[in-house]
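Have a look at my_file.cif; it's mmCIF, C-alpha atoms:
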```
data_run
loop_
_atom_site.label_atom_id
_atom_site.label_comp_id
_atom_site.auth_asym_id
_atom_site.auth_seq_id
_atom_site.Cartn_x
_atom_site.Cartn_y
_atom_site.Cartn_z
CA MET A 1161 102.09 105.40 147.35
CA ALA A 1162 99.78 106.25 150.26
CA THR A 1163 96.95 103.80 150.67
CA ASN A 1164 94.31 106.07 152.16
CA THR A 1165 94.83 109.47 150.60
CA ALA A 1166 91.85 111.55 149.53
CA LEU A 1167 93.60 114.67 148.21
CA ASN A 1168 91.31 116.25 145.61
CA GLY A 1169 88.83 113.49 146.48
CA VAL A 1170 90.89 111.01 144.49
CA ASN A 1171 90.92 107.36 145.58
CA LEU A 1172 94.66 106.84 145.30
CA ALA A 1173 94.37 103.46 147.02
CA ALA A 1174 92.37 102.10 144.07
CA VAL A 1175 94.84 103.55 141.56
CA GLY A 1176 97.73 102.10 143.58
CA ALA A 1177 96.06 98.70 143.66
CA LEU A 1178 95.68 98.78 139.88
CA VAL A 1179 99.33 99.74 139.45
CA GLY A 1180 100.37 96.84 141.70
CA HIS A 1181 98.09 94.46 139.82
CA ILE A 1182 99.58 95.46 136.47
CA GLU A 1183 103.14 95.24 137.80
CA ALA A 1184 102.37 91.66 138.86
CA GLN A 1185 100.37 90.79 135.73
CA PRO A 1186 101.44 93.08 132.85
CA GLU A 1187 98.76 91.65 130.56
CA ALA A 1188 96.15 93.34 132.78
CA ALA A 1189 97.22 96.68 131.26
CA ALA A 1190 95.58 95.73 127.97
CA THR A 1191 92.03 97.07 128.13
CA VAL A 1192 89.14 97.14 125.66
CA TRP A 1193 86.51 99.89 125.76
CA SER A 1194 83.30 99.92 123.78
CA ALA A 1195 80.20 101.85 122.79
CA GLU A 1196 77.11 101.11 120.71
CA VAL A 1197 75.42 103.76 118.64
CA THR A 1198 71.81 103.61 117.46
CA TRP A 1199 70.51 105.86 114.72
CA LYS A 1200 67.26 107.67 115.72
CA GLY A 1201 66.29 109.25 112.40
CA ALA A 1202 67.59 112.32 110.54
CA PHE A 1203 70.89 113.38 112.14
CA GLN A 1204 69.94 112.17 115.62
CA SER A 1205 71.61 109.20 117.26
CA GLU A 1206 72.62 108.05 120.70
CA ALA A 1207 75.61 106.20 122.09
CA ARG A 1208 75.16 103.61 124.82
CA ILE A 1209 78.07 102.88 127.14
CA ARG A 1210 77.66 100.17 129.78
CA ASP A 1211 74.47 100.91 131.76
CA PHE A 1212 74.71 104.70 131.65
CA ALA A 1213 72.18 107.07 130.15
CA PRO A 1214 72.94 107.29 126.42
CA ILE A 1215 74.92 110.21 125.01
CA PRO A 1216 72.59 111.97 122.54
CA SER A 1217 73.85 113.49 119.31
CA ASP A 1218 72.42 115.83 116.68
CA GLU A 1219 73.55 118.60 114.35
CA PRO A 1220 72.79 122.34 114.34
CA PRO A 1221 70.09 123.55 111.92
CA ALA A 1222 72.65 125.03 109.50
CA LEU A 1223 74.05 121.53 109.04
CA GLY A 1224 70.59 120.01 108.53
CA GLY A 1225 70.02 118.84 112.08
CA SER A 1226 67.30 119.51 114.62
CA ASP A 1227 69.76 120.82 117.23
CA THR A 1228 68.67 118.65 120.16
CA ALA A 1229 72.19 117.76 121.39
CA PRO A 1230 75.90 118.48 120.88
CA ASN A 1231 77.26 117.23 117.60
CA PRO A 1232 79.98 114.57 117.26
CA VAL A 1233 82.92 116.93 116.77
CA GLU A 1234 81.86 118.82 119.89
CA GLN A 1235 81.61 115.50 121.76
CA LEU A 1236 85.19 114.80 120.72
CA LEU A 1237 86.35 118.03 122.39
CA ALA A 1238 84.34 117.08 125.49
CA ALA A 1239 86.12 113.72 125.65
CA LEU A 1240 89.53 115.43 125.46
CA GLY A 1241 88.66 117.97 128.16
CA ASN A 1242 87.21 115.32 130.46
CA CYS A 1243 90.34 113.21 129.94
CA LEU A 1244 92.63 116.09 130.83
CA ALA A 1245 90.57 116.74 133.98
CA VAL A 1246 91.17 113.14 135.14
CA GLY A 1247 94.85 113.54 134.36
CA TYR A 1248 95.19 116.70 136.44
CA ALA A 1249 93.25 115.20 139.35
CA ALA A 1250 95.25 111.96 139.31
CA ASN A 1251 98.71 113.48 138.92
CA ALA A 1252 98.10 116.42 141.27
CA SER A 1253 97.02 113.95 143.94
CA THR A 1254 100.07 111.72 143.59
CA GLU A 1255 102.28 114.83 143.72
CA GLY A 1256 100.54 116.31 146.79
CA ILE A 1257 99.04 119.27 144.94
CA THR A 1258 95.61 120.53 145.97
CA ILE A 1259 93.38 121.67 143.10
CA ASN A 1260 91.11 124.53 144.12
CA ASP A 1261 89.45 124.85 140.74
CA LEU A 1262 90.03 123.55 137.24
CA ARG A 1263 88.42 124.71 134.00
CA ILE A 1264 89.45 123.59 130.56
CA THR A 1265 88.41 125.44 127.40
CA LEU A 1266 88.72 123.62 124.07
CA GLU A 1267 88.44 124.79 120.48
CA GLY A 1268 88.83 122.93 117.22
CA ASN A 1269 89.07 124.19 113.64
CA LEU A 1270 87.34 122.20 110.95
CA ASP A 1271 86.80 122.80 107.23
CA LEU A 1272 83.35 121.54 106.22
CA ARG A 1273 84.13 121.06 102.53
CA THR A 1274 85.18 117.42 102.63
CA PHE A 1275 82.21 116.36 104.77
CA LEU A 1276 79.89 118.19 102.36
CA GLY A 1277 81.44 116.60 99.27
CA LEU A 1278 82.97 119.86 98.02
CA ALA A 1279 86.57 118.68 98.48
CA ASP A 1280 88.49 115.45 98.92
CA ALA A 1281 90.81 116.39 101.77
CA ASN A 1282 90.80 116.37 105.57
CA ALA A 1283 87.25 116.16 106.93
CA GLY A 1284 88.51 116.28 110.53
CA TYR A 1285 89.96 118.85 112.85
CA GLU A 1286 92.94 120.70 111.42
CA ALA A 1287 93.99 121.80 114.90
CA ILE A 1288 92.73 121.60 118.47
CA ASN A 1289 93.66 124.26 121.00
CA VAL A 1290 93.13 123.85 124.73
CA SER A 1291 93.49 126.38 127.53
CA VAL A 1292 93.74 125.08 131.09
CA ALA A 1293 92.84 127.38 134.00
CA LEU A 1294 94.18 125.72 137.14
CA ASP A 1295 93.66 127.37 140.53
CA THR A 1296 96.13 125.93 143.03
CA ASP A 1297 98.56 127.05 145.71
CA ALA A 1298 101.35 124.93 144.18
CA SER A 1299 104.45 126.71 142.88
CA PRO A 1300 104.74 127.61 139.18
CA GLU A 1301 107.46 124.95 138.89
CA GLN A 1302 105.17 122.28 140.38
CA VAL A 1303 102.34 123.35 138.08
CA ALA A 1304 104.58 123.28 135.02
CA ARG A 1305 105.77 119.76 135.89
CA LEU A 1306 102.19 118.62 136.54
CA HIS A 1307 101.06 120.08 133.21
CA GLU A 1308 103.86 118.38 131.31
CA ARG A 1309 103.03 115.07 132.94
CA VAL A 1310 99.29 115.34 132.20
CA VAL A 1311 99.84 116.25 128.56
CA GLY A 1312 102.37 113.43 128.17
CA THR A 1313 100.07 110.73 129.53
CA SER A 1314 96.58 111.67 128.31
CA PRO A 1315 94.82 108.74 126.61
CA VAL A 1316 92.49 110.96 124.57
CA GLY A 1317 95.26 113.51 123.92
CA HIS A 1318 97.53 110.80 122.54
CA THR A 1319 94.70 109.30 120.49
CA LEU A 1320 94.08 112.65 118.79
CA SER A 1321 97.68 113.67 118.28
CA ARG A 1322 98.67 110.33 116.72
CA ALA A 1323 97.39 108.54 113.65
CA VAL A 1324 95.31 105.68 115.05
CA PRO A 1325 94.37 102.72 112.85
CA VAL A 1326 90.59 103.02 112.57
CA ARG A 1327 88.94 100.08 110.84
CA ILE A 1328 85.29 100.46 109.90
CA ASP A 1329 83.57 97.39 108.46
CA LEU A 1330 80.06 96.61 107.33
CA ALA A 1331 78.66 93.69 109.31
CA SER A 1332 78.03 90.83 106.95
CA MET B 1371 69.71 118.51 94.84
CA ALA B 1372 66.04 118.26 95.80
CA THR B 1373 64.85 121.08 98.03
CA ASN B 1374 62.13 119.36 99.96
CA THR B 1375 63.30 115.81 100.50
CA ALA B 1376 62.78 114.09 103.80
CA LEU B 1377 64.25 110.66 103.06
CA ASN B 1378 65.43 109.19 106.36
CA GLY B 1379 64.03 112.33 108.00
CA VAL B 1380 67.02 114.31 106.75
CA ASN B 1381 66.56 118.00 105.94
CA LEU B 1382 68.38 117.96 102.63
CA ALA B 1383 67.21 121.49 101.87
CA ALA B 1384 69.26 122.84 104.78
CA VAL B 1385 72.31 120.84 103.74
CA GLY B 1386 71.87 122.05 100.15
CA ALA B 1387 71.59 125.65 101.32
CA LEU B 1388 74.84 125.28 103.26
CA VAL B 1389 76.56 123.77 100.21
CA GLY B 1390 75.36 126.69 98.08
CA HIS B 1391 76.48 129.19 100.70
CA ILE B 1392 79.98 127.69 100.86
CA GLU B 1393 80.23 127.51 97.06
CA ALA B 1394 79.49 131.25 97.00
CA GLN B 1395 81.63 132.10 100.03
CA PRO B 1396 84.32 129.44 100.50
CA GLU B 1397 85.52 131.02 103.75
CA ALA B 1398 82.20 129.94 105.31
CA ALA B 1399 83.54 126.36 105.30
CA ALA B 1400 85.98 127.23 108.08
CA THR B 1401 84.21 126.43 111.34
CA VAL B 1402 85.23 126.55 115.00
CA TRP B 1403 83.72 124.20 117.58
CA SER B 1404 84.17 124.45 121.32
CA ALA B 1405 83.54 122.89 124.72
CA GLU B 1406 84.26 123.87 128.31
CA VAL B 1407 85.06 121.31 130.97
CA THR B 1408 84.68 121.85 134.69
CA TRP B 1409 86.31 119.56 137.25
CA LYS B 1410 83.83 118.34 139.90
CA GLY B 1411 86.21 116.61 142.32
CA ALA B 1412 87.98 113.24 142.21
CA PHE B 1413 87.73 111.88 138.65
CA GLN B 1414 84.37 113.51 137.92
CA SER B 1415 83.98 116.35 135.46
CA GLU B 1416 81.45 117.66 132.99
CA ALA B 1417 81.69 119.20 129.55
CA ARG B 1418 79.41 122.05 128.55
CA ILE B 1419 78.60 122.57 124.90
CA ARG B 1420 76.45 125.53 123.90
CA ASP B 1421 73.27 125.44 126.01
CA PHE B 1422 72.91 121.66 126.19
CA ALA B 1423 72.90 119.54 129.33
CA PRO B 1424 76.53 118.88 130.24
CA ILE B 1425 78.21 115.60 129.30
CA PRO B 1426 79.24 113.97 132.60
CA SER B 1427 82.46 112.00 132.96
CA ASP B 1428 83.92 109.65 135.57
CA GLU B 1429 86.09 106.54 135.78
CA PRO B 1430 85.26 102.97 136.81
CA PRO B 1431 86.17 101.94 140.37
CA ALA B 1432 89.19 99.90 139.22
CA LEU B 1433 90.67 103.12 137.83
CA GLY B 1434 89.93 105.05 141.03
CA GLY B 1435 86.68 106.65 139.96
CA SER B 1436 83.17 106.56 141.38
CA ASP B 1437 81.62 105.18 138.20
CA THR B 1438 78.86 107.73 137.74
CA ALA B 1439 79.31 108.21 133.98
CA PRO B 1440 81.17 106.93 130.91
CA ASN B 1441 84.88 107.69 130.94
CA PRO B 1442 86.64 109.89 128.38
CA VAL B 1443 87.95 107.10 126.16
CA GLU B 1444 84.43 105.67 125.97
CA GLN B 1445 83.12 109.15 125.11
CA LEU B 1446 85.62 109.23 122.25
CA LEU B 1447 84.12 106.04 120.78
CA ALA B 1448 80.64 107.55 121.22
CA ALA B 1449 81.71 110.62 119.24
CA LEU B 1450 83.01 108.43 116.40
CA GLY B 1451 79.87 106.31 116.29
CA ASN B 1452 77.57 109.32 116.37
CA CYS B 1453 79.62 110.92 113.57
CA LEU B 1454 79.33 107.84 111.39
CA ALA B 1455 75.56 107.77 111.99
CA VAL B 1456 75.27 111.33 110.64
CA GLY B 1457 77.43 110.34 107.68
CA TYR B 1458 75.23 107.38 106.79
CA ALA B 1459 72.03 109.40 107.18
CA ALA B 1460 73.34 112.30 105.09
CA ASN B 1461 74.87 110.26 102.28
CA ALA B 1462 72.10 107.69 102.12
CA SER B 1463 69.59 110.49 101.73
CA THR B 1464 71.46 112.24 98.91
CA GLU B 1465 71.80 108.87 97.15
CA GLY B 1466 68.13 107.95 97.53
CA ILE B 1467 68.78 105.06 99.94
CA THR B 1468 66.27 104.40 102.73
CA ILE B 1469 67.79 103.34 106.05
CA ASN B 1470 65.54 100.91 107.93
CA ASP B 1471 67.87 100.53 110.90
CA LEU B 1472 71.46 101.42 111.71
CA ARG B 1473 73.55 100.22 114.64
CA ILE B 1474 77.24 100.86 115.05
CA THR B 1475 79.41 98.90 117.49
CA LEU B 1476 82.78 100.35 118.45
CA GLU B 1477 85.74 98.91 120.31
CA GLY B 1478 89.10 100.40 121.17
CA ASN B 1479 92.27 98.79 122.57
CA LEU B 1480 94.26 100.76 125.09
CA ASP B 1481 97.31 99.90 127.19
CA LEU B 1482 96.98 101.54 130.62
CA ARG B 1483 100.71 101.57 131.43
CA THR B 1484 101.56 105.04 130.11
CA PHE B 1485 98.57 106.68 131.79
CA LEU B 1486 99.54 105.00 135.07
CA GLY B 1487 103.19 106.07 134.82
CA LEU B 1488 104.48 102.52 134.26
CA ALA B 1489 105.69 103.22 130.72
CA ASP B 1490 106.52 106.17 128.49
CA ALA B 1491 104.78 105.18 125.29
CA ASN B 1492 101.34 105.53 123.70
CA ALA B 1493 98.70 106.38 126.31
CA GLY B 1494 95.96 106.40 123.68
CA TYR B 1495 94.07 103.87 121.62
CA GLU B 1496 96.32 101.50 119.69
CA ALA B 1497 93.46 100.59 117.38
CA ILE B 1498 89.76 101.28 116.99
CA ASN B 1499 87.47 98.75 115.32
CA VAL B 1500 83.96 99.56 114.21
CA SER B 1501 81.21 97.28 112.94
CA VAL B 1502 78.29 98.84 111.09
CA ALA B 1503 74.98 96.97 110.89
CA LEU B 1504 72.93 98.69 108.20
CA ASP B 1505 69.43 97.45 107.40
CA THR B 1506 68.38 98.75 103.99
CA ASP B 1507 66.78 97.55 100.76
CA ALA B 1508 69.59 99.07 98.70
CA SER B 1509 71.78 96.77 96.61
CA PRO B 1510 75.11 95.52 97.98
CA GLU B 1511 76.86 97.74 95.41
CA GLN B 1512 74.95 100.82 96.62
CA VAL B 1513 75.71 99.95 100.22
CA ALA B 1514 79.41 99.44 99.50
CA ARG B 1515 79.59 102.82 97.74
CA LEU B 1516 77.70 104.50 100.59
CA HIS B 1517 80.04 102.94 103.15
CA GLU B 1518 83.15 104.05 101.26
CA ARG B 1519 81.80 107.57 101.02
CA VAL B 1520 80.92 107.77 104.75
CA VAL B 1521 84.31 106.46 105.87
CA GLY B 1522 86.07 108.84 103.49
CA THR B 1523 84.29 111.94 104.74
CA SER B 1524 83.84 111.42 108.49
CA PRO B 1525 85.09 114.40 110.52
CA VAL B 1526 85.65 112.36 113.69
CA GLY B 1527 87.01 109.39 111.71
CA HIS B 1528 89.55 111.61 109.96
CA THR B 1529 90.48 113.31 113.25
CA LEU B 1530 91.27 109.95 114.84
CA SER B 1531 93.06 108.39 111.88
CA ARG B 1532 95.34 111.39 111.34
CA ALA B 1533 97.84 113.06 113.65
CA VAL B 1534 96.12 116.30 114.67
CA PRO B 1535 98.15 119.16 116.17
CA VAL B 1536 96.82 119.37 119.73
CA ARG B 1537 98.13 122.36 121.68
CA ILE B 1538 97.43 122.40 125.42
CA ASP B 1539 98.47 125.55 127.29
CA LEU B 1540 98.16 126.68 130.87
CA ALA B 1541 96.20 129.93 131.04
CA SER B 1542 98.50 132.64 132.32
#
```

Would you write the structure of this file as structure tokens?
Amino acid sequence: MATNTALNGVNLAAVGALVGHIEAQPEAAATVWSAEVTWKGAFQSEARIRDFAPIPSDEPPALGGSDTAPNPVEQLLAALGNCLAVGYAANASTEGITINDLRITLEGNLDLRTFLGLADANAGYEAINVSVALDTDASPEQVARLHERVVGTSPVGHTLSRAVPVRIDLAS
Amino acid sequence: MATNTALNGVNLAAVGALVGHIEAQPEAAATVWSAEVTWKGAFQSEARIRDFAPIPSDEPPALGGSDTAPNPVEQLLAALGNCLAVGYAANASTEGITINDLRITLEGNLDLRTFLGLADANAGYEAINVSVALDTDASPEQVARLHERVVGTSPVGHTLSRAVPVRIDLAS
């Protein structure tokens, strides 16, 4: 892996250093990520992550919110799209592909009945559909291989497409 | 359902109107949510949702990013925490429980090897653990019932704990 490549602006040297570190110390691959959410009244809340500005959350008026921010299921789509963007940038750079432009459109279908107490079924997304518009001079074969690799290694994509054990406890 | 309740600041009248609307027209329960992500160079991107300020995304330096914003797997935890906050606010209000304070701490465990191309396994969260600190004068039995109801009806919680069909296509 090149040590000073800046294709697509990506710091491949840092990624290469992490790969080398994990090859030498496999336990370094195990990471823990965290967030802390504070309720602000009504349907407003905010999520704090490290020292960054909090991510605000609210619901549209039809759902009883005051519509000051994206709602949580929209934030979930944002996380997936942002994850795919990193995946394209990282893998295109290692494969020598220049990205001219990249836009990712995401849609999710959700039945409100379970959340509203009108059914006892799936409250979450039934399906998520993503369309990726990638402007590049790479060949269709290169783009297809890149796409397959990104989809096959996306942390948020895998989290959504698999059943993850989610444990939610009340603090004692 | 009361039509003018503001317990916990929640607009129960709006929620009740939506419930009535869906009872009369069940097809109104089927909703579609969307986001559009634009790549900004390197590992930076932003997600636009309706007319709100975009949600910025980046990676920490160790992962090759410039560390200007939370990363996508952190955003995923934020979405879950914000969703649970709405669930507590909504269900506490319908059950007559006053929330004094609510803080939700989230952690997720993720093995970096698949994302980095060092393995071909699960790139996503292996487990997500959430601790809910709820300050209320409600009885332990009321709180336990509230908690069970929130966990059982969380759209983001259900999305993560089930295998969702995620389809990611290249725009032609």

- Query: Which polymer residues have any atom within 7 Å of an atom of B:Ser1427, counting all atoms listed in the file, with same-chain residues fewer than 6 positions away left out, as a ChimeraX atom specification?
  - Reply: /A:1242 /B:1414-1416,1439-1442

Given the file shown, enumerate the residues that the PyMOL selection byres ((chain A and resi 1290-1294) around 8) captures and present them as a PDB file with C-alpha atoms, in the frame of the given file.
```pdb
ATOM      1  CA  ILE A1259      93.380 121.670 143.100  1.00  0.00           C
ATOM      2  CA  ASN A1260      91.110 124.530 144.120  1.00  0.00           C
ATOM      3  CA  ASP A1261      89.450 124.850 140.740  1.00  0.00           C
ATOM      4  CA  LEU A1262      90.030 123.550 137.240  1.00  0.00           C
ATOM      5  CA  ARG A1263      88.420 124.710 134.000  1.00  0.00           C
ATOM      6  CA  ILE A1264      89.450 123.590 130.560  1.00  0.00           C
ATOM      7  CA  THR A1265      88.410 125.440 127.400  1.00  0.00           C
ATOM      8  CA  LEU A1266      88.720 123.620 124.070  1.00  0.00           C
ATOM      9  CA  GLU A1267      88.440 124.790 120.480  1.00  0.00           C
ATOM     10  CA  ILE A1288      92.730 121.600 118.470  1.00  0.00           C
ATOM     11  CA  ASN A1289      93.660 124.260 121.000  1.00  0.00           C
ATOM     12  CA  ASP A1295      93.660 127.370 140.530  1.00  0.00           C
ATOM     13  CA  THR A1296      96.130 125.930 143.030  1.00  0.00           C
TER      14      THR A1296
ATOM     15  CA  VAL B1536      96.820 119.370 119.730  1.00  0.00           C
ATOM     16  CA  ARG B1537      98.130 122.360 121.680  1.00  0.00           C
ATOM     17  CA  ILE B1538      97.430 122.400 125.420  1.00  0.00           C
ATOM     18  CA  ASP B1539      98.470 125.550 127.290  1.00  0.00           C
ATOM     19  CA  LEU B1540      98.160 126.680 130.870  1.00  0.00           C
ATOM     20  CA  ALA B1541      96.200 129.930 131.040  1.00  0.00           C
ATOM     21  CA  SER B1542      98.500 132.640 132.320  1.00  0.00           C
TER      22      SER B1542
END
```

Which polymer residues have any atom within 7 Å of an atom of B:Ala1497, counting all atoms listed in the file, with same-chain residues fewer than 2 positions away left out, as a count of residues only?
7

**OP:** Please provide as number ranges by chain all residues within 12 Å of B:Glu1496, with the sequence filter that same-chain residues fewer than 5 positions apart are discarded (counting all atoms listed in the file).
**Re:** A: 1190-1193, 1315-1316, 1318-1320, 1322-1327; B: 1443, 1477-1482, 1491, 1530-1531

Q | Residues within 12 Å of B:Ala1489, only C-alpha atoms, excluding chain neighbours under 4 positions, as a PyMOL selection string | A | (chain A and resi 1179+1182-1183+1186+1189+1312-1313) or (chain B and resi 1481-1485+1493)

Reference answer for the PyMOL selection byres ((chain B and resi 1378) around 12), as a ChimeraX atom specification: /A:1199-1204 /B:1375-1377,1379-1382,1455-1456,1458-1472,1506

Margin query: Quick check, in Å to one decimal: how far apart do atom CA of A:Ala1174 and atom CA of B:Gly1494 lie?
Written below: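 Value for the atom CA of A:Ala1174-atom CA of B:Gly1494 distance: 21.1 Å.
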
Practice problem: Pick out the closest residue to chain B from this set: A:Asp1297, A:Val1310, A:Gly1241, A:Ala1184. Count all atoms listed in the file. | Solution: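 Closest to chain B of all the choices is A:Gly1241.
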
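Candidate residues B:Leu1488, B:Val1407, B:Val1385, B:Ala1432 were compared for distance to A:Leu1244, and the nearest is B:Val1407, using only C-alpha atoms.
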
Using all atoms listed in the file, the best pick from A:Ala1304, A:Ile1215, A:Leu1178, A:Ala1188 as closest to A:Ala1239 would be A:Ile1215

Could you state which residues are captured by the PyMOL selection byres ((chain A and resi 1211) around 12) in this file, as a list in words?
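With the shown file as input, the PyMOL selection byres ((chain A and resi 1211) around 12) matches Ser1194, Ala1195, Glu1196, Ala1207, Arg1208, Ile1209, Arg1210, Phe1212, Ala1213, Pro1214 and Ile1215 of chain A; Asp1437, Thr1438, Ala1439 and Pro1440 of chain B.
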
Mind dumping the selected residues with C-alpha atoms as a tab-separated table (two decimals), keeping the file's coordinate frame?
```
chain	number	residue	atom	x	y	z
A	1194	SER	CA	83.30	99.92	123.78
A	1195	ALA	CA	80.20	101.85	122.79
A	1196	GLU	CA	77.11	101.11	120.71
A	1207	ALA	CA	75.61	106.20	122.09
A	1208	ARG	CA	75.16	103.61	124.82
A	1209	ILE	CA	78.07	102.88	127.14
A	1210	ARG	CA	77.66	100.17	129.78
A	1212	PHE	CA	74.71	104.70	131.65
A	1213	ALA	CA	72.18	107.07	130.15
A	1214	PRO	CA	72.94	107.29	126.42
A	1215	ILE	CA	74.92	110.21	125.01
B	1437	ASP	CA	81.62	105.18	138.20
B	1438	THR	CA	78.86	107.73	137.74
B	1439	ALA	CA	79.31	108.21	133.98
B	1440	PRO	CA	81.17	106.93	130.91
```

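Proximity ranking of A:Ala1238, A:Gln1185, A:Ser1226, A:Pro1216 relative to chain B places A:Ala1238 first, based on only C-alpha atoms.
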
Could you check how far atom CA of B:Leu1446 sits from atom CA of A:Leu1237, in Å to one decimal?
->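 It comes out at 8.8 Å.
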
| By how many Å are atom CA of B:Ser1524 and atom CA of B:Cys1453 apart? |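 Calculated distance between atom CA of B:Ser1524 and atom CA of B:Cys1453 is 6.6 Å.
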
Of A:Gly1224, A:His1181, A:Glu1219, A:Leu1306, the one nearest to chain B when counting all atoms listed in the file is A:Gly1224

Residue nearest B:Gly1527 - candidates A:Leu1240, A:Asn1282, A:Pro1220, A:Thr1198, atoms counted: all atoms listed in the file:
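So, comparing all the options, the nearest one is A:Asn1282.
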
Six-sided padding of 6 Å per side, axis-aligned box over stretch 1272-1280 of chain A, centre and edges in Å, one decimal, as JSON:
```
{"center_x": 84.2, "center_y": 118.5, "center_z": 102.1, "size_x": 20.6, "size_y": 18.1, "size_z": 20.2}
```
